[in-house]
Amino acid sequence: MANEFCGRVLKCARDQYANHVLQKCMECVPAQHIQFIFRSFCRKAEEFSATSYGCDVIKVGIMLSFDLFFFLFFSNQ
């Protein structure tokens with residue numbers, strides 16, 4: 001199911017309902033299988049942190065996989 005988000009992460013993060021599914025995937029699927037979600041946000045973290053739904057997805061990502069999120073964010077700078 002998580003693979004369905006591939007290429008659609010940023011669009012889903014803006015959606016009132018899809019962002020909850022995205023968050024649940026981040027909670028339940030091992031990090032090595034959803035790195036594309038983290039990578040999508042790392043490029044746009046500042047933009048999405050200012051949106052009501054995007055900030056929730058970023059918050060969950062940081063809480064669940066801080067080390068991975070931190071590494072991907074700073075390796076893409």
# chains A, B, ... in the order shown; residues from 1 in each chain; ligands from 1

$ residues_around --residues "A:Gln32" --least-positions-apart "4" --cutoff "12 Å" --atoms "only C-alpha atoms" --output "ChimeraX atom specification"
/A:2,26,28,36-39,65,68-69

$ write_last_selection --atoms "N, CA and C atoms" --output "PDB file, in the first residue's frame"
ATOM      1  N   ALA A   2       1.961   1.227   0.729  1.00  0.00           N
ATOM      2  CA  ALA A   2       2.824   2.406   0.801  1.00  0.00           C
ATOM      3  C   ALA A   2       3.365   2.777  -0.578  1.00  0.00           C
ATOM      4  N   MET A  26       3.636   5.754   7.655  1.00  0.00           N
ATOM      5  CA  MET A  26       4.904   6.090   8.290  1.00  0.00           C
ATOM      6  C   MET A  26       5.019   5.424   9.661  1.00  0.00           C
ATOM      7  N   CYS A  28       3.476   2.481  10.540  1.00  0.00           N
ATOM      8  CA  CYS A  28       3.378   1.020  10.494  1.00  0.00           C
ATOM      9  C   CYS A  28       4.385   0.326   9.586  1.00  0.00           C
ATOM     10  N   PHE A  36      11.262   6.941   0.363  1.00  0.00           N
ATOM     11  CA  PHE A  36      10.813   7.899  -0.644  1.00  0.00           C
ATOM     12  C   PHE A  36       9.894   8.952  -0.039  1.00  0.00           C
ATOM     13  N   ILE A  37       9.159   8.602   1.013  1.00  0.00           N
ATOM     14  CA  ILE A  37       8.299   9.579   1.687  1.00  0.00           C
ATOM     15  C   ILE A  37       9.166  10.636   2.365  1.00  0.00           C
ATOM     16  N   PHE A  38      10.170  10.186   3.098  1.00  0.00           N
ATOM     17  CA  PHE A  38      11.070  11.118   3.778  1.00  0.00           C
ATOM     18  C   PHE A  38      11.814  11.991   2.777  1.00  0.00           C
ATOM     19  N   ARG A  39      12.290  11.377   1.699  1.00  0.00           N
ATOM     20  CA  ARG A  39      13.023  12.152   0.683  1.00  0.00           C
ATOM     21  C   ARG A  39      12.144  13.209   0.039  1.00  0.00           C
ATOM     22  N   SER A  65      11.184   8.579  13.003  1.00  0.00           N
ATOM     23  CA  SER A  65      12.490   8.246  12.425  1.00  0.00           C
ATOM     24  C   SER A  65      13.367   9.479  12.383  1.00  0.00           C
ATOM     25  N   LEU A  68      16.811   9.090  10.506  1.00  0.00           N
ATOM     26  CA  LEU A  68      16.675   9.005   9.053  1.00  0.00           C
ATOM     27  C   LEU A  68      16.235  10.341   8.475  1.00  0.00           C
ATOM     28  N   PHE A  69      15.250  10.964   9.091  1.00  0.00           N
ATOM     29  CA  PHE A  69      14.755  12.253   8.610  1.00  0.00           C
ATOM     30  C   PHE A  69      15.875  13.288   8.638  1.00  0.00           C
TER      31      PHE A  69
END

$ select_by_dssp --residues "chain A" --states "alpha helix (DSSP H)" --output "count of residues only"
53

$ residues_around --residues "A:Glu27" --least-positions-apart "3" --cutoff "7 Å" --atoms "only C-alpha atoms" --output "list of chain:residue names"
A:Gln23, A:Lys24, A:Leu64

$ closest_residue --among "A:Phe48, A:Ile62, A:Phe41, A:Val57" --to "A:Gly7" --atoms "only C-alpha atoms"
A:Phe41

$ residues_around --residues "A:Ser52" --least-positions-apart "5" --cutoff "10 Å" --atoms "only C-alpha atoms" --output "VMD selection string"
chain A and resid 13 to 16 57

$ residues_around --residues "A:Glu46" --least-positions-apart "5" --cutoff "12 Å" --atoms "only C-alpha atoms" --output "list in words"
Ser40, Phe41, Thr51, Gly54, Cys55, Ile58 and Phe73 of chain A

$ atom_distance --atom1 "atom CA of A:Glu47" --atom2 "atom CA of A:His33"
24.3 Å

$ atom_distance --atom1 "atom CA of A:Ala31" --atom2 "atom CA of A:Ala50"
24.3 Å

$ decode --residues "chain A" --atoms "C-alpha atoms" --output "compact mmCIF listing (two decimals), in the first residue's frame"
# COMPACT_ATOMS: atom_id res chain seq x y z
CA MET A 1 0.00 0.00 0.00
CA ALA A 2 2.82 2.41 0.80
CA ASN A 3 4.11 2.07 -2.77
CA GLU A 4 0.89 3.67 -3.99
CA PHE A 5 2.22 6.94 -2.56
CA CYS A 6 5.34 6.84 -4.71
CA GLY A 7 5.24 9.98 -6.84
CA ARG A 8 2.18 11.28 -4.97
CA VAL A 9 3.56 12.02 -1.53
CA LEU A 10 3.41 15.80 -1.72
CA LYS A 11 -0.07 15.84 -3.24
CA CYS A 12 -1.36 13.45 -0.57
CA ALA A 13 0.22 15.45 2.22
CA ARG A 14 -1.94 18.41 1.21
CA ASP A 15 -5.14 16.36 1.21
CA GLN A 16 -7.37 16.39 4.28
CA TYR A 17 -7.86 12.62 4.24
CA ALA A 18 -4.83 11.20 2.42
CA ASN A 19 -2.42 12.81 4.88
CA HIS A 20 -3.82 10.56 7.63
CA VAL A 21 -3.17 7.47 5.52
CA LEU A 22 0.33 8.74 4.80
CA GLN A 23 0.96 9.24 8.52
CA LYS A 24 -0.32 5.74 9.29
CA CYS A 25 2.01 4.25 6.67
CA MET A 26 4.90 6.09 8.29
CA GLU A 27 3.90 4.61 11.65
CA CYS A 28 3.38 1.02 10.49
CA VAL A 29 5.77 0.38 7.59
CA PRO A 30 9.50 -0.08 8.29
CA ALA A 31 11.57 2.98 7.41
CA GLN A 32 13.62 1.20 4.77
CA HIS A 33 10.45 0.69 2.71
CA ILE A 34 9.23 4.28 2.87
CA GLN A 35 12.40 6.31 2.43
CA PHE A 36 10.81 7.90 -0.64
CA ILE A 37 8.30 9.58 1.69
CA PHE A 38 11.07 11.12 3.78
CA ARG A 39 13.02 12.15 0.68
CA SER A 40 9.97 13.87 -0.80
CA PHE A 41 9.53 15.96 2.32
CA CYS A 42 13.18 16.78 2.79
CA ARG A 43 13.17 18.77 -0.42
CA LYS A 44 10.05 20.70 0.61
CA ALA A 45 10.10 20.60 4.42
CA GLU A 46 9.95 24.36 4.88
CA GLU A 47 7.02 24.74 2.50
CA PHE A 48 5.02 21.90 4.04
CA SER A 49 5.74 22.86 7.61
CA ALA A 50 3.58 25.93 7.01
CA THR A 51 0.52 23.95 5.83
CA SER A 52 -2.02 22.49 8.24
CA TYR A 53 -1.79 18.91 6.94
CA GLY A 54 1.82 18.86 5.78
CA CYS A 55 3.14 19.90 9.17
CA ASP A 56 1.41 16.91 10.77
CA VAL A 57 3.07 14.52 8.32
CA ILE A 58 6.48 16.09 8.93
CA LYS A 59 5.93 15.92 12.69
CA VAL A 60 5.13 12.21 12.53
CA GLY A 61 8.18 11.60 10.35
CA ILE A 62 10.46 13.34 12.80
CA MET A 63 8.95 11.60 15.81
CA LEU A 64 9.19 8.13 14.27
CA SER A 65 12.49 8.25 12.43
CA PHE A 66 14.41 11.29 13.58
CA ASP A 67 17.80 9.90 12.58
CA LEU A 68 16.67 9.00 9.05
CA PHE A 69 14.75 12.25 8.61
CA PHE A 70 17.73 14.28 9.88
CA PHE A 71 20.20 12.43 7.63
CA LEU A 72 18.09 12.77 4.49
CA PHE A 73 17.28 16.41 5.15
CA PHE A 74 20.87 17.50 5.60
CA SER A 75 22.30 15.27 2.88
CA ASN A 76 20.02 16.99 0.33
CA GLN A 77 21.07 20.54 1.22
